[in-house]
file input.cif (mmCIF, C-alpha atoms)
data_query
loop_
_atom_site.label_atom_id
_atom_site.label_comp_id
_atom_site.auth_asym_id
_atom_site.auth_seq_id
_atom_site.Cartn_x
_atom_site.Cartn_y
_atom_site.Cartn_z
CA MET A 193 26.52 -96.98 -1.53
CA PRO A 194 23.52 -94.63 -1.62
CA LEU A 195 24.22 -90.91 -1.49
CA PRO A 196 20.99 -89.36 -0.19
CA PHE A 197 22.26 -85.80 -0.47
CA LEU A 198 22.39 -86.13 -4.27
CA THR A 199 18.66 -86.73 -4.58
CA ALA A 200 15.78 -84.54 -3.53
CA ASP A 201 13.28 -87.31 -2.88
CA GLY A 202 10.27 -85.94 -1.07
CA VAL A 203 11.50 -82.36 -0.98
CA PHE A 204 9.09 -81.14 -3.63
CA ASP A 205 6.28 -83.65 -3.07
CA VAL A 206 3.01 -82.38 -1.64
CA HIS A 207 1.50 -84.59 1.03
CA GLU A 208 -2.23 -84.94 1.58
CA ASP A 209 -2.28 -83.39 5.04
CA GLU A 210 -0.20 -80.31 4.23
CA ALA A 211 -0.35 -77.89 1.33
CA LEU A 212 3.24 -76.75 1.62
CA PRO A 213 6.08 -79.27 1.23
CA HIS A 214 8.69 -77.89 3.61
CA ALA A 215 9.78 -78.12 7.19
CA ASP A 216 10.54 -74.46 7.96
CA PRO A 217 7.98 -72.15 6.32
CA GLU A 218 9.52 -68.96 7.75
CA ARG A 219 12.39 -68.82 5.22
CA TRP A 220 12.30 -67.50 1.67
CA ARG A 221 12.48 -70.52 -0.62
CA ARG A 222 12.15 -71.36 -4.28
CA PRO A 223 9.30 -73.87 -4.66
CA TYR A 224 10.94 -75.59 -7.65
CA ARG A 225 14.35 -76.81 -8.72
CA PRO A 226 16.56 -74.71 -10.99
CA GLY A 227 16.29 -76.01 -14.53
CA PRO A 228 19.04 -77.68 -16.55
CA TRP A 229 19.50 -74.69 -18.85
CA ARG A 230 20.10 -72.37 -15.91
CA VAL A 231 22.50 -74.79 -14.24
CA ALA A 232 24.36 -75.42 -17.51
CA GLY A 233 24.75 -71.68 -18.14
CA ALA A 234 26.13 -71.15 -14.64
CA ALA A 235 28.50 -74.12 -15.06
CA VAL A 236 29.86 -72.65 -18.30
CA LEU A 237 30.40 -69.31 -16.58
CA LEU A 238 32.21 -71.00 -13.69
CA LEU A 239 34.41 -72.89 -16.15
CA LEU A 240 35.21 -69.60 -17.88
CA ALA A 241 36.03 -68.07 -14.48
CA ALA A 242 38.41 -70.95 -13.73
CA PHE A 243 40.32 -70.28 -16.95
CA MET A 244 40.35 -66.57 -16.16
CA LEU A 245 41.79 -67.26 -12.70
CA LEU A 246 44.47 -69.49 -14.24
CA ALA A 247 45.36 -66.69 -16.66
CA THR A 248 45.41 -64.26 -13.74
CA MET A 249 47.87 -66.48 -11.89
CA ILE A 250 50.14 -66.67 -14.95
CA ILE A 251 49.98 -62.88 -15.34
CA ALA A 252 50.84 -62.44 -11.64
CA PHE A 253 53.84 -64.78 -11.91
CA ALA A 254 55.03 -62.77 -14.91
CA GLY A 255 55.14 -59.73 -12.64
CA THR A 256 52.39 -57.60 -14.17
CA TRP A 257 50.39 -56.78 -11.05
CA LEU A 258 48.00 -54.35 -12.67
CA GLY A 259 47.01 -56.96 -15.26
CA ALA A 260 46.64 -59.58 -12.51
CA CYS A 261 44.32 -57.30 -10.54
CA VAL A 262 42.21 -56.62 -13.64
CA GLY A 263 42.05 -60.36 -14.39
CA LEU A 264 41.07 -61.14 -10.79
CA ALA A 265 38.35 -58.49 -10.81
CA ALA A 266 36.98 -59.76 -14.13
CA SER A 267 36.92 -63.37 -12.93
CA LEU A 268 35.15 -62.37 -9.72
CA VAL A 269 32.51 -60.58 -11.80
CA VAL A 270 31.99 -63.77 -13.83
CA VAL A 271 31.69 -65.88 -10.64
CA GLY A 272 29.21 -63.39 -9.19
CA SER A 273 27.20 -63.48 -12.42
CA ALA A 274 27.04 -67.28 -12.29
CA LEU A 275 25.83 -67.23 -8.70
CA ARG A 276 23.25 -64.54 -9.44
CA MET A 277 22.03 -66.55 -12.43
CA LEU A 278 21.42 -69.53 -10.14
CA ARG A 279 19.58 -67.33 -7.65
CA THR A 280 17.07 -65.84 -10.11
CA GLY A 281 13.51 -67.09 -9.99
CA VAL A 282 10.41 -66.88 -7.82
CA TRP A 283 10.77 -67.22 -4.05
CA VAL A 284 7.97 -67.49 -1.50
CA SER A 285 7.54 -67.22 2.25
CA PRO A 286 4.65 -66.57 4.62
CA TYR A 287 5.40 -62.88 4.18
CA GLY A 288 4.91 -62.76 0.44
CA LEU A 289 6.14 -63.44 -3.05
CA ARG A 290 9.56 -62.39 -4.35
CA ARG A 291 10.61 -62.29 -8.00
CA VAL A 292 14.40 -62.28 -8.18
CA GLY A 293 15.83 -61.13 -11.50
CA PHE A 294 19.43 -60.77 -12.56
CA PHE A 295 19.54 -57.03 -11.81
CA ARG A 296 16.32 -56.41 -9.84
CA THR A 297 14.32 -58.01 -7.07
CA ARG A 298 10.69 -57.21 -6.40
CA SER A 299 8.74 -58.39 -3.36
CA LEU A 300 5.00 -58.40 -2.81
CA ALA A 301 3.18 -59.06 0.42
CA TRP A 302 0.44 -61.66 0.17
CA SER A 303 -2.08 -58.93 1.01
CA GLU A 304 -1.11 -57.16 -2.24
CA VAL A 305 -1.70 -60.26 -4.39
CA ASP A 306 -5.15 -60.56 -5.91
CA ALA A 307 -4.72 -63.72 -7.98
CA ILE A 308 -2.10 -66.04 -9.41
CA ARG A 309 -3.13 -67.71 -12.65
CA THR A 310 -1.69 -69.57 -15.60
CA VAL A 311 -2.47 -68.02 -18.98
CA GLN A 312 -1.69 -68.84 -22.61
CA GLN A 313 0.27 -66.02 -24.23
CA PRO A 314 3.40 -65.32 -26.26
CA VAL A 315 6.40 -65.89 -23.99
CA ARG A 316 10.11 -65.32 -24.41
CA TRP A 317 12.20 -68.35 -25.32
CA LEU A 318 15.06 -68.64 -22.75
CA GLY A 319 14.70 -64.92 -22.04
CA LEU A 320 15.72 -63.97 -25.58
CA PRO A 321 13.73 -61.49 -27.70
CA ARG A 322 12.20 -64.33 -29.74
CA THR A 323 8.68 -65.18 -28.56
CA VAL A 324 6.75 -68.42 -28.88
CA GLN A 325 3.26 -69.42 -27.79
CA GLY A 326 3.35 -70.88 -24.30
CA GLN A 327 2.09 -70.77 -20.74
CA ALA A 328 2.92 -68.04 -18.28
CA LEU A 329 2.23 -67.78 -14.57
CA THR A 330 1.08 -64.24 -13.83
CA VAL A 331 0.16 -62.43 -10.65
CA ALA A 332 -2.48 -59.73 -10.46
CA GLY A 333 -1.93 -57.10 -7.81
CA ARG A 334 -4.71 -55.48 -5.82
CA SER A 335 -3.32 -51.98 -6.20
CA GLY A 336 -2.77 -51.64 -9.92
CA PRO A 337 -1.87 -53.38 -13.14
CA ASP A 338 -0.59 -56.91 -13.50
CA LEU A 339 2.99 -57.47 -12.54
CA PRO A 340 5.61 -58.97 -14.83
CA VAL A 341 5.31 -62.66 -15.62
CA LEU A 342 6.58 -64.85 -12.79
CA LEU A 343 7.34 -68.06 -14.69
CA THR A 344 6.99 -69.36 -18.24
CA ASP A 345 7.19 -72.84 -19.63
CA HIS A 346 9.96 -71.66 -22.00
CA ASN A 347 12.35 -70.07 -19.52
CA ALA A 348 15.66 -71.56 -18.34
CA ASP A 349 13.97 -73.49 -15.54
CA PHE A 350 11.14 -75.18 -17.45
CA LEU A 351 12.13 -75.50 -21.13
CA SER A 352 11.09 -79.04 -22.20
CA ARG A 353 9.83 -79.73 -18.65
CA GLY A 354 6.09 -79.12 -18.91
CA GLU A 355 5.10 -81.17 -15.88
CA ALA A 356 7.69 -79.37 -13.74
CA PHE A 357 6.10 -76.06 -14.78
CA ASP A 358 2.65 -77.35 -13.86
CA ARG A 359 3.95 -78.56 -10.48
CA ALA A 360 5.65 -75.20 -9.76
CA ALA A 361 2.54 -73.26 -10.78
CA GLY A 362 0.41 -75.45 -8.52
CA THR A 363 2.81 -74.97 -5.64
CA LEU A 364 2.78 -71.19 -6.03
CA GLU A 365 -1.01 -71.21 -6.14
CA ALA A 366 -1.03 -73.33 -2.96
CA TRP A 367 1.19 -70.75 -1.24
CA ALA A 368 -1.16 -68.00 -2.35
CA GLN A 369 -4.23 -69.83 -1.06
CA GLU A 370 -2.50 -70.60 2.22
CA TYR A 371 -1.24 -67.10 3.04
CA ARG A 372 -3.29 -64.60 1.01
CA PRO A 373 -5.90 -62.94 3.22
CA VAL A 374 -9.49 -63.59 2.23
CA PRO A 375 -11.22 -60.36 1.08
CA ALA A 376 -14.12 -59.35 3.29
#

call {"tool": "encode", "arguments": {"input": "input.cif", "output": "structure tokens"}}
result
Amino acid sequence: MPLPFLTADGVFDVHEDEALPHADPERWRRPYRPGPWRVAGAAVLLLLAAFMLLATMIIAFAGTWLGACVGLAASLVVVGSALRMLRTGVWVSPYGLRRVGFFRTRSLAWSEVDAIRTVQQPVRWLGLPRTVQGQALTVAGRSGPDLPVLLTDHNADFLSRGEAFDRAAGTLEAWAQEYRPVPA
């Protein structure tokens, strides 16, 4: 029995007659799938949260309510961290470009974007301090210096998935060409 909701066939494919592969362009959306490293990290955090909630229940049945409240609060922080980890990345809409980080979100209107380009430079490996030579998708703003790197081919979404990085970079460039105003 086929389960169509488990596959994303056609969701990220660009058709010849349209530059943007979506049905409702008014929403903020991530133009690529979360990578396996990001999903695996969130799954491990959710598994840890399940064990923490089990421990919280045992502590509550033992009658230590303060310990149960602390355990519940800690497990909710872990669940929130897992959800935030899944949400991080680059999001686009007709209004602009949004870079969602773990602690900070920065949005740019398309009128503030000068260029989006892929460059070769040292990039962080899985967000750790170690750097390796790789590709990075950068955005240059009209009103100042370049912004932080949007995507790299060594982050949690694209590690060992070079063609997925190229497809995501091309999609972001298509969004920029579609919605960025042409300078006069």

call {"tool": "resolve_selection", "arguments": {"input": "input.cif", "expression": "the PyMOL selection byres ((chain A and resi 231-234) around 9)", "output": "short mmCIF file (atom, residue, chain, number, x, y, z; two decimals) with C-alpha atoms, keeping the file's coordinate frame"}}
result
data_model
loop_
_atom_site.label_atom_id
_atom_site.label_comp_id
_atom_site.auth_asym_id
_atom_site.auth_seq_id
_atom_site.Cartn_x
_atom_site.Cartn_y
_atom_site.Cartn_z
CA PRO A 226 16.56 -74.71 -10.99
CA GLY A 227 16.29 -76.01 -14.53
CA PRO A 228 19.04 -77.68 -16.55
CA TRP A 229 19.50 -74.69 -18.85
CA ARG A 230 20.10 -72.37 -15.91
CA ALA A 235 28.50 -74.12 -15.06
CA VAL A 236 29.86 -72.65 -18.30
CA LEU A 237 30.40 -69.31 -16.58
CA LEU A 238 32.21 -71.00 -13.69
CA LEU A 239 34.41 -72.89 -16.15
CA VAL A 271 31.69 -65.88 -10.64
CA SER A 273 27.20 -63.48 -12.42
CA ALA A 274 27.04 -67.28 -12.29
CA LEU A 275 25.83 -67.23 -8.70
CA ARG A 276 23.25 -64.54 -9.44
CA MET A 277 22.03 -66.55 -12.43
CA LEU A 278 21.42 -69.53 -10.14
CA ALA A 348 15.66 -71.56 -18.34
CA ASP A 349 13.97 -73.49 -15.54
#

call {"tool": "closest_residue", "arguments": {"input": "input.cif", "among": "A:Val282, A:Gly333, A:Leu364, A:Gly326", "to": "Ser352 in chain A", "atoms": "only C-alpha atoms"}}
result
A:Gly326

call {"tool": "atom_distance", "arguments": {"input": "input.cif", "atom1": "CA of Leu342 in chain A", "atom2": "CA of Gly281 in chain A"}}
result
7.8 Å

call {"tool": "atom_distance", "arguments": {"input": "input.cif", "atom1": "CA of Thr363 in chain A", "atom2": "CA of Pro286 in chain A"}}
result
13.4 Å

call {"tool": "resolve_selection", "arguments": {"input": "input.cif", "expression": "the PyMOL selection byres ((chain A and resi 368) around 10)", "output": "PDB file with C-alpha atoms, keeping the file's coordinate frame"}}
result
ATOM      1  CA  VAL A 284       7.970 -67.490  -1.500  1.00  0.00           C
ATOM      2  CA  SER A 285       7.540 -67.220   2.250  1.00  0.00           C
ATOM      3  CA  PRO A 286       4.650 -66.570   4.620  1.00  0.00           C
ATOM      4  CA  GLY A 288       4.910 -62.760   0.440  1.00  0.00           C
ATOM      5  CA  LEU A 289       6.140 -63.440  -3.050  1.00  0.00           C
ATOM      6  CA  TRP A 302       0.440 -61.660   0.170  1.00  0.00           C
ATOM      7  CA  SER A 303      -2.080 -58.930   1.010  1.00  0.00           C
ATOM      8  CA  VAL A 305      -1.700 -60.260  -4.390  1.00  0.00           C
ATOM      9  CA  ASP A 306      -5.150 -60.560  -5.910  1.00  0.00           C
ATOM     10  CA  ALA A 307      -4.720 -63.720  -7.980  1.00  0.00           C
ATOM     11  CA  ILE A 308      -2.100 -66.040  -9.410  1.00  0.00           C
ATOM     12  CA  GLY A 362       0.410 -75.450  -8.520  1.00  0.00           C
ATOM     13  CA  THR A 363       2.810 -74.970  -5.640  1.00  0.00           C
ATOM     14  CA  LEU A 364       2.780 -71.190  -6.030  1.00  0.00           C
ATOM     15  CA  GLU A 365      -1.010 -71.210  -6.140  1.00  0.00           C
ATOM     16  CA  ALA A 366      -1.030 -73.330  -2.960  1.00  0.00           C
ATOM     17  CA  TRP A 367       1.190 -70.750  -1.240  1.00  0.00           C
ATOM     18  CA  GLN A 369      -4.230 -69.830  -1.060  1.00  0.00           C
ATOM     19  CA  GLU A 370      -2.500 -70.600   2.220  1.00  0.00           C
ATOM     20  CA  TYR A 371      -1.240 -67.100   3.040  1.00  0.00           C
ATOM     21  CA  ARG A 372      -3.290 -64.600   1.010  1.00  0.00           C
ATOM     22  CA  PRO A 373      -5.900 -62.940   3.220  1.00  0.00           C
TER      23      PRO A 373
END

call {"tool": "axis_aligned_box", "arguments": {"input": "input.cif", "around": "range 292-301 of chain A", "padding_each_side": "8 Å", "output": "AutoDock Vina command-line options"}}
result
--center_x 11.4 --center_y -59.3 --center_z -6.1 --size_x 32.4 --size_y 21.9 --size_z 29.0

call {"tool": "residues_around", "arguments": {"input": "input.cif", "residues": "Met244 in chain A", "least_positions_apart": "5", "cutoff": "8 Å", "atoms": "only C-alpha atoms", "output": "NGL selection string"}}
result
:A and (263-264 or 266-267)

call {"tool": "atom_distance", "arguments": {"input": "input.cif", "atom1": "CA of Trp220 in chain A", "atom2": "CA of Arg291 in chain A"}}
result
11.1 Å

call {"tool": "resolve_selection", "arguments": {"input": "input.cif", "expression": "the PyMOL selection byres ((chain A and resi 330) around 10)", "output": "PyMOL selection string"}}
result
chain A and resi 307-311+327-329+331-333+338-344+361

call {"tool": "write_last_selection", "arguments": {"input": "input.cif", "atoms": "C-alpha atoms", "output": "JSON list (two decimals), in the coordinates of the input"}}
result
[["chain", "number", "residue", "atom", "x", "y", "z"],
["A", 307, "ALA", "CA", -4.72, -63.72, -7.98],
["A", 308, "ILE", "CA", -2.10, -66.04, -9.41],
["A", 309, "ARG", "CA", -3.13, -67.71, -12.65],
["A", 310, "THR", "CA", -1.69, -69.57, -15.60],
["A", 311, "VAL", "CA", -2.47, -68.02, -18.98],
["A", 327, "GLN", "CA", 2.09, -70.77, -20.74],
["A", 328, "ALA", "CA", 2.92, -68.04, -18.28],
["A", 329, "LEU", "CA", 2.23, -67.78, -14.57],
["A", 331, "VAL", "CA", 0.16, -62.43, -10.65],
["A", 332, "ALA", "CA", -2.48, -59.73, -10.46],
["A", 333, "GLY", "CA", -1.93, -57.10, -7.81],
["A", 338, "ASP", "CA", -0.59, -56.91, -13.50],
["A", 339, "LEU", "CA", 2.99, -57.47, -12.54],
["A", 340, "PRO", "CA", 5.61, -58.97, -14.83],
["A", 341, "VAL", "CA", 5.31, -62.66, -15.62],
["A", 342, "LEU", "CA", 6.58, -64.85, -12.79],
["A", 343, "LEU", "CA", 7.34, -68.06, -14.69],
["A", 344, "THR", "CA", 6.99, -69.36, -18.24],
["A", 361, "ALA", "CA", 2.54, -73.26, -10.78]]

call {"tool": "closest_residue", "arguments": {"input": "input.cif", "among": "A:Thr323, A:Arg353, A:Thr256, A:Leu268", "to": "Leu240 in chain A", "atoms": "all atoms listed in the file"}}
result
A:Leu268

call {"tool": "decode", "arguments": {"input": "input.cif", "residues": "range 274-286 of chain A", "atoms": "all heavy atoms", "output": "tab-separated table (two decimals), in the first residue's frame"}}
result
chain	number	residue	atom	x	y	z
A	274	ALA	N	14.91	20.76	20.76
A	274	ALA	CA	14.81	19.87	19.59
A	274	ALA	C	13.96	20.51	18.50
A	274	ALA	O	14.31	20.47	17.31
A	274	ALA	CB	14.24	18.52	19.99
A	275	LEU	N	12.85	21.11	18.89
A	275	LEU	CA	11.99	21.75	17.90
A	275	LEU	C	12.66	22.97	17.28
A	275	LEU	O	12.53	23.21	16.07
A	275	LEU	CB	10.66	22.14	18.54
A	275	LEU	CG	9.78	20.97	18.99
A	275	LEU	CD1	8.54	21.48	19.69
A	275	LEU	CD2	9.42	20.09	17.82
A	276	ARG	N	13.39	23.72	18.07
A	276	ARG	CA	14.08	24.89	17.53
A	276	ARG	C	15.20	24.46	16.59
A	276	ARG	O	15.46	25.11	15.58
A	276	ARG	CB	14.63	25.74	18.68
A	276	ARG	CG	15.21	27.05	18.25
A	276	ARG	CD	14.18	27.95	17.66
A	276	ARG	NE	14.80	29.18	17.21
A	276	ARG	CZ	14.16	30.17	16.65
A	276	ARG	NH1	12.86	30.10	16.48
A	276	ARG	NH2	14.79	31.24	16.27
A	277	MET	N	15.86	23.34	16.91
A	277	MET	CA	16.91	22.83	16.05
A	277	MET	C	16.35	22.45	14.68
A	277	MET	O	16.98	22.68	13.65
A	277	MET	CB	17.57	21.60	16.68
A	277	MET	CG	18.71	21.04	15.86
A	277	MET	SD	19.34	19.49	16.52
A	277	MET	CE	19.91	20.00	18.11
A	278	LEU	N	15.15	21.87	14.66
A	278	LEU	CA	14.53	21.52	13.39
A	278	LEU	C	14.08	22.75	12.60
A	278	LEU	O	13.99	22.72	11.39
A	278	LEU	CB	13.33	20.60	13.62
A	278	LEU	CG	13.66	19.17	14.02
A	278	LEU	CD1	12.40	18.42	14.38
A	278	LEU	CD2	14.40	18.47	12.91
A	279	ARG	N	13.82	23.84	13.29
A	279	ARG	CA	13.32	25.04	12.65
A	279	ARG	C	14.42	25.92	12.06
A	279	ARG	O	14.14	26.78	11.22
A	279	ARG	CB	12.52	25.84	13.68
A	279	ARG	CG	11.78	26.97	13.11
A	279	ARG	CD	10.37	26.98	13.61
A	279	ARG	NE	9.72	28.20	13.20
A	279	ARG	CZ	9.05	28.31	12.07
A	279	ARG	NH1	8.92	27.29	11.29
A	279	ARG	NH2	8.49	29.44	11.74
A	280	THR	N	15.66	25.74	12.50
A	280	THR	CA	16.74	26.60	12.02
A	280	THR	C	17.00	26.38	10.54
A	280	THR	O	16.80	25.31	10.00
A	280	THR	CB	18.04	26.35	12.80
A	280	THR	OG1	18.44	25.00	12.63
A	280	THR	CG2	17.89	26.65	14.26
A	281	GLY	N	17.44	27.43	9.88
A	281	GLY	CA	17.73	27.36	8.45
A	281	GLY	C	17.35	28.66	7.77
A	281	GLY	O	17.14	29.69	8.41
A	282	VAL	N	17.27	28.61	6.46
A	282	VAL	CA	16.92	29.77	5.65
A	282	VAL	C	15.49	29.61	5.17
A	282	VAL	O	15.12	28.55	4.65
A	282	VAL	CB	17.88	29.92	4.46
A	282	VAL	CG1	17.48	31.08	3.59
A	282	VAL	CG2	19.30	30.09	4.95
A	283	TRP	N	14.69	30.64	5.36
A	283	TRP	CA	13.29	30.64	4.95
A	283	TRP	C	13.08	31.80	3.99
A	283	TRP	O	13.72	32.85	4.12
A	283	TRP	CB	12.38	30.80	6.18
A	283	TRP	CG	12.49	29.66	7.13
A	283	TRP	CD1	13.53	29.39	7.97
A	283	TRP	CD2	11.55	28.63	7.33
A	283	TRP	NE1	13.28	28.26	8.68
A	283	TRP	CE2	12.07	27.77	8.32
A	283	TRP	CE3	10.30	28.34	6.78
A	283	TRP	CZ2	11.39	26.64	8.74
A	283	TRP	CZ3	9.62	27.22	7.22
A	283	TRP	CH2	10.16	26.39	8.19
A	284	VAL	N	12.21	31.63	3.03
A	284	VAL	CA	11.94	32.66	2.03
A	284	VAL	C	10.44	32.87	1.87
A	284	VAL	O	9.64	31.99	2.17
A	284	VAL	CB	12.56	32.32	0.66
A	284	VAL	CG1	14.06	32.37	0.71
A	284	VAL	CG2	12.10	30.97	0.18
A	285	SER	N	10.10	34.05	1.41
A	285	SER	CA	8.72	34.39	1.05
A	285	SER	C	8.81	35.55	0.06
A	285	SER	O	9.89	36.09	-0.18
A	285	SER	CB	7.92	34.79	2.29
A	285	SER	OG	8.17	36.12	2.64
A	286	PRO	N	7.69	35.96	-0.50
A	286	PRO	CA	7.74	37.13	-1.39
A	286	PRO	C	8.18	38.41	-0.68
A	286	PRO	O	8.58	39.37	-1.31
A	286	PRO	CB	6.30	37.27	-1.88
A	286	PRO	CG	5.71	35.93	-1.72
A	286	PRO	CD	6.37	35.32	-0.53
